[in-house]
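Asker: Here's a structure for you.
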Amino acid sequence: RSRDELAKILKDEVLDIWQVADLTGMKRSSIHTYLVRPKSDFPRPVWESSPTDSSGSQKRHPTRLWSRTEVEAWMLRRTRRPE
């Protein structure tokens with residue numbers, strides 16, 4: 001695939017925390033809460049930066065990226081009602 005095709009796939013299929021918040025209608029802090037809950041079924045990020053910088057100092061939050069498909073599937077599971 002060409003570089004342009006790959007860039008489009010990434011743009012369409014990979015979401016940062018701001019985009020996940022927009023898609024789900026949640027606040028970023030709520031997404032973080034789901035991530036740290038032990039039994040949460042919220043999708044795990046497909047990529048996460050190191051929690052430390054090059055000097056070894058702890059950063060506030062790592063950068064995280066999610067699969068749009070996984071987030072949308074999670075949203076669908078949450079909206080389904082048992083019959």
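Convention: chains lettered A, B, ... in structure tokens order; per-chain residue numbering from 1; ligands numbered from 1 as shown.
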Need the shell around segment 46-58 of chain A: protein/DNA/RNA residues with any atom at most 10 Å away, counting only C-alpha atoms. Skip same-chain ones fewer than 3 positions apart. Format as JSON, numbers by chain?
Answerer: {"A": [14, 15, 16, 43, 61, 62, 63, 64, 65, 66, 67, 70]}
Asker: Write the selection just made, keeping N, CA, C and O atoms, as a PDB file, in the first residue's frame?
Answerer:
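So part.pdb came out as:
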```
ATOM      1  N   VAL A  14      -7.847   4.917  13.592  1.00  0.00           N
ATOM      2  CA  VAL A  14      -7.159   5.063  14.867  1.00  0.00           C
ATOM      3  C   VAL A  14      -7.606   6.375  15.511  1.00  0.00           C
ATOM      4  O   VAL A  14      -7.598   7.418  14.891  1.00  0.00           O
ATOM      5  N   LEU A  15      -8.027   6.272  16.772  1.00  0.00           N
ATOM      6  CA  LEU A  15      -8.564   7.424  17.493  1.00  0.00           C
ATOM      7  C   LEU A  15      -7.706   7.765  18.692  1.00  0.00           C
ATOM      8  O   LEU A  15      -7.230   6.871  19.402  1.00  0.00           O
ATOM      9  N   ASP A  16      -7.529   9.063  18.946  1.00  0.00           N
ATOM     10  CA  ASP A  16      -6.881   9.481  20.192  1.00  0.00           C
ATOM     11  C   ASP A  16      -7.981   9.669  21.245  1.00  0.00           C
ATOM     12  O   ASP A  16      -9.168   9.462  20.975  1.00  0.00           O
ATOM     13  N   PRO A  43     -12.378  -1.113  25.508  1.00  0.00           N
ATOM     14  CA  PRO A  43     -11.228  -1.548  24.700  1.00  0.00           C
ATOM     15  C   PRO A  43      -9.900  -0.983  25.204  1.00  0.00           C
ATOM     16  O   PRO A  43      -9.817   0.176  25.608  1.00  0.00           O
ATOM     17  N   HIS A  61       0.346  11.869  31.557  1.00  0.00           N
ATOM     18  CA  HIS A  61      -0.429  10.805  30.929  1.00  0.00           C
ATOM     19  C   HIS A  61       0.276  10.358  29.653  1.00  0.00           C
ATOM     20  O   HIS A  61       0.741  11.197  28.887  1.00  0.00           O
ATOM     21  N   PRO A  62       0.295   9.056  29.410  1.00  0.00           N
ATOM     22  CA  PRO A  62       0.854   8.602  28.134  1.00  0.00           C
ATOM     23  C   PRO A  62      -0.130   8.905  27.005  1.00  0.00           C
ATOM     24  O   PRO A  62      -1.329   9.079  27.232  1.00  0.00           O
ATOM     25  N   THR A  63       0.372   8.954  25.794  1.00  0.00           N
ATOM     26  CA  THR A  63      -0.489   9.072  24.630  1.00  0.00           C
ATOM     27  C   THR A  63      -1.045   7.691  24.327  1.00  0.00           C
ATOM     28  O   THR A  63      -0.311   6.711  24.328  1.00  0.00           O
ATOM     29  N   ARG A  64      -2.352   7.630  24.093  1.00  0.00           N
ATOM     30  CA  ARG A  64      -3.000   6.352  23.805  1.00  0.00           C
ATOM     31  C   ARG A  64      -3.790   6.469  22.512  1.00  0.00           C
ATOM     32  O   ARG A  64      -4.393   7.497  22.238  1.00  0.00           O
ATOM     33  N   LEU A  65      -3.809   5.376  21.751  1.00  0.00           N
ATOM     34  CA  LEU A  65      -4.576   5.310  20.511  1.00  0.00           C
ATOM     35  C   LEU A  65      -5.448   4.065  20.538  1.00  0.00           C
ATOM     36  O   LEU A  65      -5.005   2.994  20.965  1.00  0.00           O
ATOM     37  N   TRP A  66      -6.687   4.219  20.064  1.00  0.00           N
ATOM     38  CA  TRP A  66      -7.655   3.130  20.048  1.00  0.00           C
ATOM     39  C   TRP A  66      -8.074   2.799  18.627  1.00  0.00           C
ATOM     40  O   TRP A  66      -8.063   3.660  17.745  1.00  0.00           O
ATOM     41  N   SER A  67      -8.540   1.580  18.434  1.00  0.00           N
ATOM     42  CA  SER A  67      -9.146   1.159  17.183  1.00  0.00           C
ATOM     43  C   SER A  67     -10.593   1.643  17.163  1.00  0.00           C
ATOM     44  O   SER A  67     -11.364   1.355  18.083  1.00  0.00           O
ATOM     45  N   GLU A  70     -13.023  -1.263  17.477  1.00  0.00           N
ATOM     46  CA  GLU A  70     -13.183  -1.806  18.826  1.00  0.00           C
ATOM     47  C   GLU A  70     -14.039  -0.892  19.696  1.00  0.00           C
ATOM     48  O   GLU A  70     -14.862  -1.368  20.476  1.00  0.00           O
TER      49      GLU A  70
END
```
Asker: Could you pull out the residues in chain A that DSSP calls helix (DSSP H, G or I) from the backbone, as number ranges by chain?
Answerer: A: 3-13, 17-24, 28-36, 68-79
Asker: Name the residues in contact with Ile31 of chain A at a cut-off of 10 Å, using only C-alpha atoms, excluding same-chain residues fewer than 2 positions from it; report them as an MDAnalysis selection string.
Answerer: chainID A and resid 17:18 20:21 24 26:29 33:36 42:43
Asker: What are the DSSP strand (DSSP E or B) residues of segment 20-73 of chain A, as a PyMOL selection string?
Answerer: chain A and resi 47-48+52+58+64-67
Asker: Those same residues, written as a PDB file, in the first residue's frame with N, CA and C atoms?
Answerer:
```
ATOM      1  N   TRP A  47      -2.157   1.202  20.974  1.00  0.00           N
ATOM      2  CA  TRP A  47      -0.801   1.720  21.157  1.00  0.00           C
ATOM      3  C   TRP A  47      -0.810   2.694  22.318  1.00  0.00           C
ATOM      4  N   GLU A  48       0.253   2.651  23.107  1.00  0.00           N
ATOM      5  CA  GLU A  48       0.393   3.558  24.251  1.00  0.00           C
ATOM      6  C   GLU A  48       1.849   3.962  24.371  1.00  0.00           C
ATOM      7  N   THR A  52       7.139   7.538  30.711  1.00  0.00           N
ATOM      8  CA  THR A  52       8.267   8.396  31.101  1.00  0.00           C
ATOM      9  C   THR A  52       8.845   9.064  29.865  1.00  0.00           C
ATOM     10  N   GLN A  58       8.577  10.915  35.049  1.00  0.00           N
ATOM     11  CA  GLN A  58       7.202  10.481  34.837  1.00  0.00           C
ATOM     12  C   GLN A  58       6.408  11.585  34.132  1.00  0.00           C
ATOM     13  N   ARG A  64      -2.352   7.630  24.093  1.00  0.00           N
ATOM     14  CA  ARG A  64      -3.000   6.352  23.805  1.00  0.00           C
ATOM     15  C   ARG A  64      -3.790   6.469  22.512  1.00  0.00           C
ATOM     16  N   LEU A  65      -3.809   5.376  21.751  1.00  0.00           N
ATOM     17  CA  LEU A  65      -4.576   5.310  20.511  1.00  0.00           C
ATOM     18  C   LEU A  65      -5.448   4.065  20.538  1.00  0.00           C
ATOM     19  N   TRP A  66      -6.687   4.219  20.064  1.00  0.00           N
ATOM     20  CA  TRP A  66      -7.655   3.130  20.048  1.00  0.00           C
ATOM     21  C   TRP A  66      -8.074   2.799  18.627  1.00  0.00           C
ATOM     22  N   SER A  67      -8.540   1.580  18.434  1.00  0.00           N
ATOM     23  CA  SER A  67      -9.146   1.159  17.183  1.00  0.00           C
ATOM     24  C   SER A  67     -10.593   1.643  17.163  1.00  0.00           C
TER      25      SER A  67
END
```
Asker: Using only C-alpha atoms for the distances, tell me which of A:Arg37, A:Arg1, A:Arg44, A:Arg68 is nearest to Leu23 of chain A.
Answerer: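 The shortest atom-to-atom distance to Leu23 of chain A comes from A:Arg68.
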